[in-house]
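One file, data.cif, is given below (mmCIF, C-alpha atoms).
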```cif
data_model
#
loop_
_atom_site.group_PDB
_atom_site.id
_atom_site.type_symbol
_atom_site.label_atom_id
_atom_site.label_comp_id
_atom_site.auth_asym_id
_atom_site.auth_seq_id
_atom_site.Cartn_x
_atom_site.Cartn_y
_atom_site.Cartn_z
ATOM 1 C CA MET A 1 29.685 -47.443 2.679
ATOM 2 C CA SER A 2 28.217 -44.528 0.769
ATOM 3 C CA THR A 3 25.346 -42.370 2.016
ATOM 4 C CA LEU A 4 22.953 -43.937 -0.487
ATOM 5 C CA MET A 5 23.777 -47.436 0.744
ATOM 6 C CA LEU A 6 23.332 -46.306 4.352
ATOM 7 C CA ALA A 7 19.955 -44.743 3.565
ATOM 8 C CA MET A 8 18.879 -47.908 1.737
ATOM 9 C CA SER A 9 19.955 -50.117 4.645
ATOM 10 C CA LEU A 10 18.055 -47.936 7.129
ATOM 11 C CA LEU A 11 14.969 -48.034 4.914
ATOM 12 C CA PHE A 12 15.152 -51.821 4.610
ATOM 13 C CA ALA A 13 15.707 -52.205 8.355
ATOM 14 C CA CYS A 14 12.638 -50.070 9.143
ATOM 15 C CA ALA A 15 10.589 -52.012 6.576
ATOM 16 C CA MET A 16 11.765 -55.259 8.187
ATOM 17 C CA ILE A 17 10.589 -54.145 11.632
ATOM 18 C CA GLY A 18 7.262 -53.049 10.124
ATOM 19 C CA ALA A 19 6.803 -56.368 8.330
ATOM 20 C CA ALA A 20 7.695 -58.287 11.487
ATOM 21 C CA LEU A 21 5.064 -56.325 13.440
ATOM 22 C CA VAL A 22 2.489 -57.081 10.746
ATOM 23 C CA ALA A 23 3.429 -60.776 10.921
ATOM 24 C CA ILE A 24 2.960 -60.874 14.687
ATOM 25 C CA ARG A 25 0.015 -58.511 15.148
ATOM 26 C CA GLY A 26 -1.887 -59.100 11.910
ATOM 27 C CA LYS A 27 -5.307 -60.719 12.071
ATOM 28 C CA SER A 28 -5.152 -62.445 8.689
ATOM 29 C CA LEU A 29 -2.971 -65.561 8.495
ATOM 30 C CA PRO A 30 -2.043 -65.363 4.777
ATOM 31 C CA ILE A 31 -0.917 -61.753 5.220
ATOM 32 C CA ALA A 32 1.110 -62.763 8.290
ATOM 33 C CA ILE A 33 2.837 -65.502 6.246
ATOM 34 C CA LEU A 34 3.596 -63.065 3.426
ATOM 35 C CA ALA A 35 4.929 -60.516 5.921
ATOM 36 C CA ALA A 36 7.224 -63.148 7.480
ATOM 37 C CA GLY A 37 8.488 -63.945 3.979
ATOM 38 C CA LEU A 38 9.055 -60.238 3.391
ATOM 39 C CA VAL A 39 11.215 -60.066 6.528
ATOM 40 C CA SER A 40 13.416 -62.845 5.111
ATOM 41 C CA LEU A 41 13.567 -61.195 1.702
ATOM 42 C CA LEU A 42 14.632 -57.848 3.179
ATOM 43 C CA ALA A 43 17.163 -59.658 5.389
ATOM 44 C CA SER A 44 18.655 -61.269 2.296
ATOM 45 C CA ILE A 45 18.926 -57.832 0.625
ATOM 46 C CA LEU A 46 20.689 -56.547 3.743
ATOM 47 C CA PHE A 47 23.097 -59.500 3.587
ATOM 48 C CA LEU A 48 23.784 -58.592 -0.031
ATOM 49 C CA ILE A 49 24.509 -54.964 0.944
ATOM 50 C CA LEU A 50 26.865 -56.277 3.638
ATOM 51 C CA ALA A 51 28.744 -58.188 0.884
ATOM 52 C CA ALA A 52 27.657 -61.717 1.858
ATOM 53 C CA PRO A 53 26.028 -63.058 -1.339
ATOM 54 C CA ASP A 54 26.264 -66.712 -0.273
ATOM 55 C CA VAL A 55 24.311 -66.114 2.922
ATOM 56 C CA ALA A 56 21.870 -63.893 1.028
ATOM 57 C CA MET A 57 21.205 -66.723 -1.414
ATOM 58 C CA THR A 58 20.487 -69.210 1.354
ATOM 59 C CA GLU A 59 18.201 -66.752 3.113
ATOM 60 C CA ALA A 60 16.308 -65.976 -0.108
ATOM 61 C CA ALA A 61 15.945 -69.639 -1.090
ATOM 62 C CA ILE A 62 15.009 -71.082 2.300
ATOM 63 C CA GLY A 63 13.668 -68.143 4.309
ATOM 64 C CA SER A 64 11.513 -66.392 1.757
ATOM 65 C CA GLY A 65 11.028 -69.193 -0.771
ATOM 66 C CA LEU A 66 10.650 -72.605 0.797
ATOM 67 C CA THR A 67 9.257 -71.504 4.175
ATOM 68 C CA VAL A 68 6.522 -69.287 2.734
ATOM 69 C CA PHE A 69 5.469 -72.024 0.316
ATOM 70 C CA LEU A 70 5.480 -74.556 3.132
ATOM 71 C CA PHE A 71 3.399 -72.341 5.430
ATOM 72 C CA PHE A 72 0.803 -71.836 2.699
ATOM 73 C CA PHE A 73 0.798 -75.559 2.060
ATOM 74 C CA VAL A 74 0.157 -76.333 5.722
ATOM 75 C CA LEU A 75 -2.428 -73.543 5.954
ATOM 76 C CA GLY A 76 -4.319 -75.068 3.035
ATOM 77 C CA ARG A 77 -4.077 -78.452 4.757
ATOM 78 C CA VAL A 78 -5.479 -77.123 8.033
ATOM 79 C CA ARG A 79 -8.306 -75.236 6.340
ATOM 80 C CA GLY A 80 -9.163 -78.157 4.032
ATOM 81 C CA GLY A 81 -9.718 -80.625 6.887
ATOM 82 C CA GLU A 82 -13.273 -81.299 8.032
ATOM 83 C CA HIS A 83 -12.391 -81.107 11.709
ATOM 84 C CA ASP A 84 -10.100 -78.281 12.673
ATOM 85 C CA MET B 1 2.319 -58.075 35.391
ATOM 86 C CA ILE B 2 5.607 -59.579 36.587
ATOM 87 C CA LYS B 3 5.854 -61.520 33.314
ATOM 88 C CA ARG B 4 5.553 -58.284 31.346
ATOM 89 C CA PHE B 5 8.158 -56.633 33.539
ATOM 90 C CA LEU B 6 10.577 -59.525 32.997
ATOM 91 C CA ALA B 7 10.034 -59.392 29.243
ATOM 92 C CA LEU B 8 10.750 -55.655 29.220
ATOM 93 C CA LEU B 9 13.847 -56.194 31.368
ATOM 94 C CA LEU B 10 15.114 -58.870 28.964
ATOM 95 C CA LEU B 11 14.424 -56.589 26.005
ATOM 96 C CA PHE B 12 16.364 -53.715 27.569
ATOM 97 C CA GLY B 13 19.206 -56.064 28.489
ATOM 98 C CA ILE B 14 19.538 -57.326 24.912
ATOM 99 C CA GLY B 15 19.264 -53.757 23.634
ATOM 100 C CA ALA B 16 22.041 -52.591 25.979
ATOM 101 C CA ILE B 17 24.321 -55.440 24.858
ATOM 102 C CA PHE B 18 23.768 -54.660 21.180
ATOM 103 C CA ILE B 19 24.219 -50.910 21.651
ATOM 104 C CA THR B 20 27.539 -51.378 23.471
ATOM 105 C CA LEU B 21 28.622 -53.771 20.700
ATOM 106 C CA LEU B 22 27.606 -51.250 18.046
ATOM 107 C CA LEU B 23 29.324 -48.309 19.754
ATOM 108 C CA GLY B 24 32.516 -50.275 20.278
ATOM 109 C CA TYR B 25 32.634 -51.436 16.656
ATOM 110 C CA THR B 26 35.513 -50.274 14.527
ATOM 111 C CA PRO B 27 35.800 -51.831 11.071
ATOM 112 C CA ASP B 28 39.054 -53.647 10.385
ATOM 113 C CA THR B 29 41.248 -51.832 7.908
ATOM 114 C CA GLU B 30 42.926 -55.060 6.818
ATOM 115 C CA LEU B 31 42.144 -58.766 6.876
ATOM 116 C CA ASN B 32 42.966 -60.667 10.038
ATOM 117 C CA LEU B 33 45.348 -63.611 10.159
ATOM 118 C CA THR B 34 42.969 -66.416 9.159
ATOM 119 C CA ALA B 35 41.197 -64.384 6.495
ATOM 120 C CA ARG B 36 44.539 -63.322 5.011
ATOM 121 C CA TYR B 37 45.657 -66.939 4.776
ATOM 122 C CA TYR B 38 42.495 -67.925 2.905
ATOM 123 C CA ALA B 39 42.625 -64.875 0.625
ATOM 124 C CA ASP B 40 46.269 -65.466 -0.255
ATOM 125 C CA HIS B 41 46.321 -69.233 -0.636
ATOM 126 C CA THR B 42 42.900 -70.336 -1.951
ATOM 127 C CA ALA B 43 43.386 -69.420 -5.602
ATOM 128 C CA GLN B 44 46.877 -70.872 -6.026
ATOM 129 C CA ASP B 45 46.456 -73.918 -3.772
ATOM 130 C CA LEU B 46 42.959 -75.092 -4.618
ATOM 131 C CA GLY B 47 42.108 -73.182 -7.813
ATOM 132 C CA ALA B 48 38.676 -72.070 -6.588
ATOM 133 C CA ALA B 49 37.497 -68.576 -7.493
ATOM 134 C CA ASN B 50 34.935 -68.517 -4.675
ATOM 135 C CA ILE B 51 36.849 -68.563 -1.398
ATOM 136 C CA ILE B 52 33.737 -69.357 0.649
ATOM 137 C CA THR B 53 33.118 -72.516 -1.375
ATOM 138 C CA ALA B 54 36.757 -73.512 -0.933
ATOM 139 C CA ILE B 55 36.401 -73.120 2.837
ATOM 140 C CA ILE B 56 33.092 -74.995 2.983
ATOM 141 C CA VAL B 57 34.051 -77.908 0.739
ATOM 142 C CA THR B 58 37.790 -78.317 1.292
ATOM 143 C CA TYR B 59 39.261 -76.488 4.278
ATOM 144 C CA ARG B 60 36.241 -77.264 6.470
ATOM 145 C CA GLY B 61 34.926 -80.209 4.461
ATOM 146 C CA LEU B 62 34.390 -82.354 7.539
ATOM 147 C CA ASP B 63 31.940 -79.775 8.939
ATOM 148 C CA THR B 64 29.991 -79.910 5.681
ATOM 149 C CA LEU B 65 29.817 -83.696 5.964
ATOM 150 C CA GLY B 66 28.406 -83.196 9.456
ATOM 151 C CA GLU B 67 25.854 -80.667 8.214
ATOM 152 C CA VAL B 68 24.733 -83.001 5.447
ATOM 153 C CA THR B 69 24.412 -85.790 8.026
ATOM 154 C CA VAL B 70 22.248 -83.592 10.275
ATOM 155 C CA LEU B 71 19.993 -82.793 7.322
ATOM 156 C CA PHE B 72 19.814 -86.488 6.435
ATOM 157 C CA LEU B 73 18.807 -87.349 10.007
ATOM 158 C CA THR B 74 16.100 -84.674 9.923
ATOM 159 C CA ALA B 75 14.689 -86.029 6.670
ATOM 160 C CA ALA B 76 14.833 -89.582 8.017
ATOM 161 C CA ILE B 77 13.012 -88.607 11.225
ATOM 162 C CA VAL B 78 10.326 -86.699 9.299
ATOM 163 C CA GLY B 79 9.835 -89.802 7.167
ATOM 164 C CA LEU B 80 9.717 -92.052 10.247
ATOM 165 C CA VAL B 81 7.195 -89.898 12.103
ATOM 166 C CA LEU B 82 4.920 -89.441 9.109
ATOM 167 C CA ALA B 83 5.135 -93.039 7.887
ATOM 168 C CA HIS B 84 2.336 -94.185 10.198
ATOM 169 C CA ASN B 85 -0.464 -92.169 8.677
ATOM 170 C CA ARG B 86 0.604 -92.382 5.066
ATOM 171 C CA GLN B 87 -2.365 -91.919 2.767
ATOM 172 C CA HIS B 88 -3.198 -95.079 0.858
ATOM 173 C CA SER B 89 -3.853 -94.398 -2.772
ATOM 174 C CA GLY B 90 -7.496 -94.167 -3.640
ATOM 175 C CA ALA B 91 -8.875 -95.005 -0.217
ATOM 176 C CA GLY B 92 -10.790 -92.105 1.242
ATOM 177 C CA GLN B 93 -9.127 -89.325 -0.706
ATOM 178 C CA ARG B 94 -11.180 -86.191 -0.512
ATOM 179 C CA GLU B 95 -11.846 -84.264 -3.684
ATOM 180 C CA LEU B 96 -9.652 -81.188 -3.950
ATOM 181 C CA PRO B 97 -10.763 -78.208 -5.989
ATOM 182 C CA PRO B 98 -8.708 -77.867 -9.192
ATOM 183 C CA SER B 99 -5.804 -75.414 -9.106
ATOM 184 C CA GLY B 100 -6.327 -72.051 -10.730
ATOM 185 C CA GLU B 101 -5.335 -71.363 -14.322
ATOM 186 C CA LEU B 102 -2.658 -68.915 -13.175
ATOM 187 C CA LEU B 103 -0.991 -71.446 -10.858
ATOM 188 C CA THR B 104 -1.127 -74.293 -13.371
ATOM 189 C CA THR B 105 0.273 -72.320 -16.307
ATOM 190 C CA GLY B 106 2.780 -70.484 -14.133
ATOM 191 C CA SER B 107 4.161 -73.658 -12.640
ATOM 192 C CA ARG B 108 4.365 -75.313 -16.067
ATOM 193 C CA LEU B 109 6.516 -72.387 -17.195
ATOM 194 C CA LEU B 110 8.538 -71.907 -14.016
ATOM 195 C CA VAL B 111 9.328 -75.439 -12.786
ATOM 196 C CA PRO B 112 11.891 -76.277 -15.519
ATOM 197 C CA LEU B 113 13.486 -72.844 -15.167
ATOM 198 C CA ILE B 114 13.742 -73.164 -11.373
ATOM 199 C CA LEU B 115 15.252 -76.658 -11.694
ATOM 200 C CA LEU B 116 17.753 -75.319 -14.217
ATOM 201 C CA LEU B 117 18.656 -72.434 -11.889
ATOM 202 C CA GLY B 118 19.217 -74.864 -9.012
ATOM 203 C CA VAL B 119 21.528 -77.046 -11.101
ATOM 204 C CA TYR B 120 23.349 -73.942 -12.372
ATOM 205 C CA ILE B 121 23.887 -72.711 -8.818
ATOM 206 C CA PHE B 122 25.502 -75.888 -7.580
ATOM 207 C CA ILE B 123 27.551 -76.627 -10.696
ATOM 208 C CA ASN B 124 28.997 -73.100 -10.596
ATOM 209 C CA GLY B 125 29.478 -73.215 -6.817
ATOM 210 C CA HIS B 126 33.246 -72.779 -7.105
ATOM 211 C CA LEU B 127 32.922 -69.731 -9.386
ATOM 212 C CA THR B 128 29.881 -67.737 -8.300
ATOM 213 C CA PRO B 129 28.118 -67.234 -4.957
ATOM 214 C CA GLY B 130 26.024 -70.154 -3.869
ATOM 215 C CA GLY B 131 26.583 -73.860 -3.952
ATOM 216 C CA GLY B 132 25.177 -77.217 -2.995
ATOM 217 C CA PHE B 133 22.908 -76.117 -0.169
ATOM 218 C CA GLN B 134 21.434 -73.144 -2.007
ATOM 219 C CA GLY B 135 21.024 -75.100 -5.249
ATOM 220 C CA GLY B 136 19.383 -77.975 -3.388
ATOM 221 C CA ALA B 137 16.921 -75.619 -1.707
ATOM 222 C CA VAL B 138 16.064 -74.061 -5.078
ATOM 223 C CA ILE B 139 15.444 -77.525 -6.575
ATOM 224 C CA ALA B 140 13.210 -78.427 -3.625
ATOM 225 C CA SER B 141 11.190 -75.242 -4.135
ATOM 226 C CA ALA B 142 10.489 -76.386 -7.708
ATOM 227 C CA ILE B 143 9.226 -79.707 -6.321
ATOM 228 C CA LEU B 144 7.064 -77.772 -3.854
ATOM 229 C CA LEU B 145 5.609 -75.726 -6.705
ATOM 230 C CA ILE B 146 4.625 -78.980 -8.462
ATOM 231 C CA LEU B 147 2.985 -80.190 -5.249
ATOM 232 C CA LEU B 148 1.115 -76.906 -4.817
ATOM 233 C CA THR B 149 -0.281 -77.160 -8.323
ATOM 234 C CA GLU B 150 -1.134 -80.830 -8.109
ATOM 235 C CA PRO B 151 -1.545 -81.896 -4.460
ATOM 236 C CA THR B 152 -2.366 -85.499 -5.317
ATOM 237 C CA LYS B 153 0.801 -86.018 -7.351
ATOM 238 C CA ARG B 154 3.042 -88.794 -6.034
ATOM 239 C CA PHE B 155 6.795 -88.876 -6.375
ATOM 240 C CA SER B 156 8.759 -92.095 -6.454
ATOM 241 C CA HIS B 157 10.220 -92.481 -2.988
ATOM 242 C CA ARG B 158 12.553 -95.173 -4.243
ATOM 243 C CA LEU B 159 14.052 -92.779 -6.810
ATOM 244 C CA ILE B 160 14.500 -89.982 -4.254
ATOM 245 C CA ALA B 161 16.041 -92.368 -1.715
ATOM 246 C CA ALA B 162 18.392 -93.863 -4.319
ATOM 247 C CA LEU B 163 19.504 -90.402 -5.497
ATOM 248 C CA GLU B 164 20.091 -89.291 -1.932
ATOM 249 C CA SER B 165 22.048 -92.383 -0.883
ATOM 250 C CA ILE B 166 24.188 -92.492 -4.015
ATOM 251 C CA SER B 167 25.084 -88.805 -3.653
ATOM 252 C CA GLY B 168 26.023 -89.240 0.001
ATOM 253 C CA LEU B 169 28.069 -92.353 -0.784
ATOM 254 C CA PHE B 170 29.991 -90.651 -3.589
ATOM 255 C CA PHE B 171 30.631 -87.622 -1.363
ATOM 256 C CA VAL B 172 32.350 -89.840 1.223
ATOM 257 C CA VAL B 173 34.117 -91.969 -1.432
ATOM 258 C CA ILE B 174 35.621 -88.841 -3.043
ATOM 259 C CA GLY B 175 36.665 -87.709 0.424
ATOM 260 C CA VAL B 176 38.403 -91.049 1.057
ATOM 261 C CA PHE B 177 40.123 -90.813 -2.346
ATOM 262 C CA GLY B 178 41.621 -87.571 -1.031
ATOM 263 C CA ILE B 179 43.439 -89.509 1.702
ATOM 264 C CA PHE B 180 45.213 -91.750 -0.795
ATOM 265 C CA LEU B 181 45.740 -89.441 -3.785
ATOM 266 C CA ALA B 182 46.193 -86.035 -2.122
ATOM 267 C CA GLY B 183 46.773 -84.378 1.230
ATOM 268 C CA GLY B 184 43.929 -85.747 3.333
ATOM 269 C CA PHE B 185 40.244 -86.486 3.742
ATOM 270 C CA LEU B 186 38.134 -84.386 1.315
ATOM 271 C CA ASP B 187 41.208 -82.818 -0.323
ATOM 272 C CA ASN B 188 40.091 -81.544 -3.705
ATOM 273 C CA ARG B 189 43.439 -81.969 -5.462
ATOM 274 C CA ILE B 190 42.750 -85.527 -6.604
ATOM 275 C CA LEU B 191 41.938 -83.899 -9.968
ATOM 276 C CA PRO B 192 44.029 -81.147 -11.622
ATOM 277 C CA THR B 193 43.092 -77.724 -10.253
ATOM 278 C CA GLY B 194 43.143 -76.100 -13.702
ATOM 279 C CA THR B 195 42.941 -72.360 -14.274
ATOM 280 C CA VAL B 196 41.119 -70.197 -11.760
ATOM 281 C CA GLY B 197 37.698 -69.174 -13.093
ATOM 282 C CA ALA B 198 37.183 -72.008 -15.588
ATOM 283 C CA LEU B 199 34.198 -74.349 -15.181
ATOM 284 C CA PHE B 200 36.413 -77.437 -15.010
ATOM 285 C CA SER B 201 38.749 -76.204 -12.310
ATOM 286 C CA ALA B 202 39.249 -76.428 -8.557
ATOM 287 C CA GLY B 203 39.768 -80.193 -8.641
ATOM 288 C CA ALA B 204 36.975 -82.158 -7.000
ATOM 289 C CA ILE B 205 35.052 -79.147 -5.614
ATOM 290 C CA PRO B 206 32.440 -78.968 -8.421
ATOM 291 C CA ILE B 207 31.879 -82.730 -8.231
ATOM 292 C CA ILE B 208 31.529 -82.763 -4.442
ATOM 293 C CA TYR B 209 29.248 -79.726 -4.497
ATOM 294 C CA SER B 210 27.076 -81.261 -7.216
ATOM 295 C CA PHE B 211 26.605 -84.347 -5.050
ATOM 296 C CA VAL B 212 25.852 -82.158 -2.036
ATOM 297 C CA GLY B 213 23.315 -80.237 -4.117
ATOM 298 C CA LEU B 214 21.598 -83.425 -5.310
ATOM 299 C CA LYS B 215 21.593 -84.800 -1.769
ATOM 300 C CA VAL B 216 20.144 -81.647 -0.202
ATOM 301 C CA GLY B 217 17.555 -81.330 -2.979
ATOM 302 C CA ALA B 218 16.529 -84.974 -2.559
ATOM 303 C CA GLU B 219 16.303 -84.625 1.228
ATOM 304 C CA PHE B 220 14.116 -81.517 1.123
ATOM 305 C CA SER B 221 11.985 -83.091 -1.615
ATOM 306 C CA SER B 222 11.481 -86.273 0.387
ATOM 307 C CA MET B 223 10.393 -84.202 3.397
ATOM 308 C CA LEU B 224 7.909 -82.265 1.265
ATOM 309 C CA ALA B 225 6.594 -85.422 -0.410
ATOM 310 C CA ASN B 226 6.149 -87.075 2.998
ATOM 311 C CA LEU B 227 4.285 -84.035 4.301
ATOM 312 C CA SER B 228 2.004 -83.923 1.283
ATOM 313 C CA GLU B 229 1.183 -87.634 1.412
ATOM 314 C CA THR B 230 0.148 -87.592 5.044
ATOM 315 C CA GLU B 231 -3.532 -87.529 5.770
ATOM 316 C CA GLU B 232 -4.932 -85.512 8.650
ATOM 317 C CA PRO B 233 -5.092 -87.489 11.886
#
```
This structure in structure tokens:
Amino acid sequence: MSTLMLAMSLLFACAMIGAALVAIRGKSLPIAILAAGLVSLLASILFLILAAPDVAMTEAAIGSGLTVFLFFFVLGRVRGGEHD
Amino acid sequence: MIKRFLALLLLFGIGAIFITLLLGYTPDTELNLTARYYADHTAQDLGAANIITAIIVTYRGLDTLGEVTVLFLTAAIVGLVLAHNRQHSGAGQRELPPSGELLTTGSRLLVPLILLLGVYIFINGHLTPGGGFQGGAVIASAILLILLTEPTKRFSHRLIAALESISGLFFVVIGVFGIFLAGGFLDNRILPTGTVGALFSAGAIPIIYSFVGLKVGAEFSSMLANLSETEEP
């Protein structure tokens, strides 16, 4: 692995930890959902760097695509109800 | 206090395990026994360019059947649990604000492209990274985008169920064909393997993976449709 790749992986790993902290500690729910999606997206980039494109594809499709959409969907549902 | 201490202790324990693993890690200079077998034999035996797909669909095809079954059970249970408070059409539907211009136009542009990408991913599963599960998830995300734009839209449950059952049935039937025409259950050599890298190659792998893709897409879509049709308790 070249130095550039190593630097990129470290950067992505740090960004992942930062995004995870935002997702846990953040006050705003939509930003927390987006941050959780960002963690999955960065994880899929890391999988790609580690030469696992199949796993990266699954992570990108389910982790950062479907789950984020689903969370927003449910969030809209919860907010839209009269009694929550 | 003691809870915090335990959490810290657990954290340090996990950290110590990972650090010893990391320090003791030396990358292999050559493939190990199993990996070498797959790397040497996949292309000439099965004709698949993507070794991972060959492992998932043929060498470990039974595991994939199990995975698909687990996903089917999940979808069935979601349907069962949510069936009780299914929203009846018209009765007591609250007025939703219309979706924004950006979402409506964007989804009109993107939904066909996302569907096409999903189909591309599972048809080319034996050539490029990805396959039935990834393609199915991509297709389901297109369905979700439709539901986000138009929350009151209803999908035909009969169509989704028929698609799902037929795909699962054909998956098993092709597997059983493998027993009689080739080496065993889910053997892909019931069709000619062709040249490595061509679209029509690798025997039954593209067909099986297309059915898996349709099945996974239909299962995820049915879950999403069930979720969207449920009214709040």
Would you tabulate, counting only C-alpha atoms, all residues of chain B that have an atom at most 6 Å from an atom of chain A, showing the closest pair of atoms and their distance in Å to one decimal, sorted by chain then ascending number, as a Markdown table?
```
| residue | atom | partner | partner_atom | distance |
| --- | --- | --- | --- | --- |
| B:Pro129 | CA | A:Asp54 | CA | 5.1 |
| B:Gly130 | CA | A:Asp54 | CA | 5.0 |
| B:Gln134 | CA | A:Thr58 | CA | 5.3 |
| B:Val138 | CA | A:Ala61 | CA | 6.0 |
| B:Ser141 | CA | A:Leu66 | CA | 5.6 |
```
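Residues selected in this file by the PyMOL selection byres ((chain B and resi 39) around 12) comprise B:Glu30, B:Leu31, B:Asn32, B:Leu33, B:Thr34, B:Ala35, B:Arg36, B:Tyr37, B:Tyr38, B:Asp40, B:His41, B:Thr42, B:Ala43, B:Gln44, B:Asp45, B:Leu46, B:Gly47, B:Ala48, B:Ala49, B:Asn50, B:Ile51, B:Ile52, B:Ala54, B:Ile55.
You will find CA of Leu75 (chain A) at 22.5 Å from CA of Thr105 (chain B).
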Query raised in the report: What do you get, as number ranges by chain, if you spell out every residue that the PyMOL selection byres ((chain A and resi 23) around 12) selects here?
Result: A: 16-22, 24-40
Requested in this report: For each of B:Leu110, B:Ile19, B:Ala162, B:Val216, take the minimum atom-to-atom distance to Gly136 (chain B), counting only C-alpha atoms, then give the residue where this is smallest.
Outcome: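 Comparing B:Leu110, B:Ile19, B:Ala162, B:Val216 against Gly136 (chain B), the winner is B:Val216.
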Box centre and edge lengths (Å, one decimal), axis-aligned, region 219-222 of chain B plus 3 Å each side, as lines of an AutoDock Vina configuration file:
```
center_x = 13.9
center_y = -83.9
center_z = -0.2
size_x = 10.8
size_y = 10.8
size_z = 8.8
```
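Residues with at least one atom no more than 12 Å from (14.9, -48.7, 3.3), using only C-alpha atoms, are A:Leu4, A:Met5, A:Leu6, A:Ala7, A:Met8, A:Ser9, A:Leu10, A:Leu11, A:Phe12, A:Ala13, A:Cys14, A:Ala15, A:Met16, A:Ile17, A:Gly18, A:Leu42, A:Ala43, A:Ile45, A:Leu46, A:Ile49.
Going from CA of Asn188 (chain B) over to CA of Thr69 (chain B), you cover 20.0 Å.
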Requested in this report: Mind checking which residues fall within 10 Å of Val78 (chain B), counting all atoms listed in the file, ignoring those fewer than 6 positions away in the same chain, and posting them as a list in words?
Outcome: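 Final neighbour list, sorted by chain and number: Phe72, Ser222, Met223, Leu224, Asn226 and Leu227 of chain B.
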Report task. Would you please work out which residue, of B:Leu144, B:Gly79, B:Ile14, B:Gly131, is nearest to Phe71 (chain A) when using all atoms listed in the file? Result ->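 Closest to Phe71 (chain A), using all atoms listed in the file: B:Leu144.
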**Report entry** the PyMOL selection byres ((chain B and resi 206) around 7) applied to the shown file, residues as number ranges by chain
**Finding:** B: 123, 125-126, 204-205, 207-210
Report task. Just give me the gap between CA of Ala161 (chain B) and CA of Lys215 (chain B) in Å, one decimal is fine. Result ->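 CA of Ala161 (chain B) sits 9.4 Å away from CA of Lys215 (chain B).
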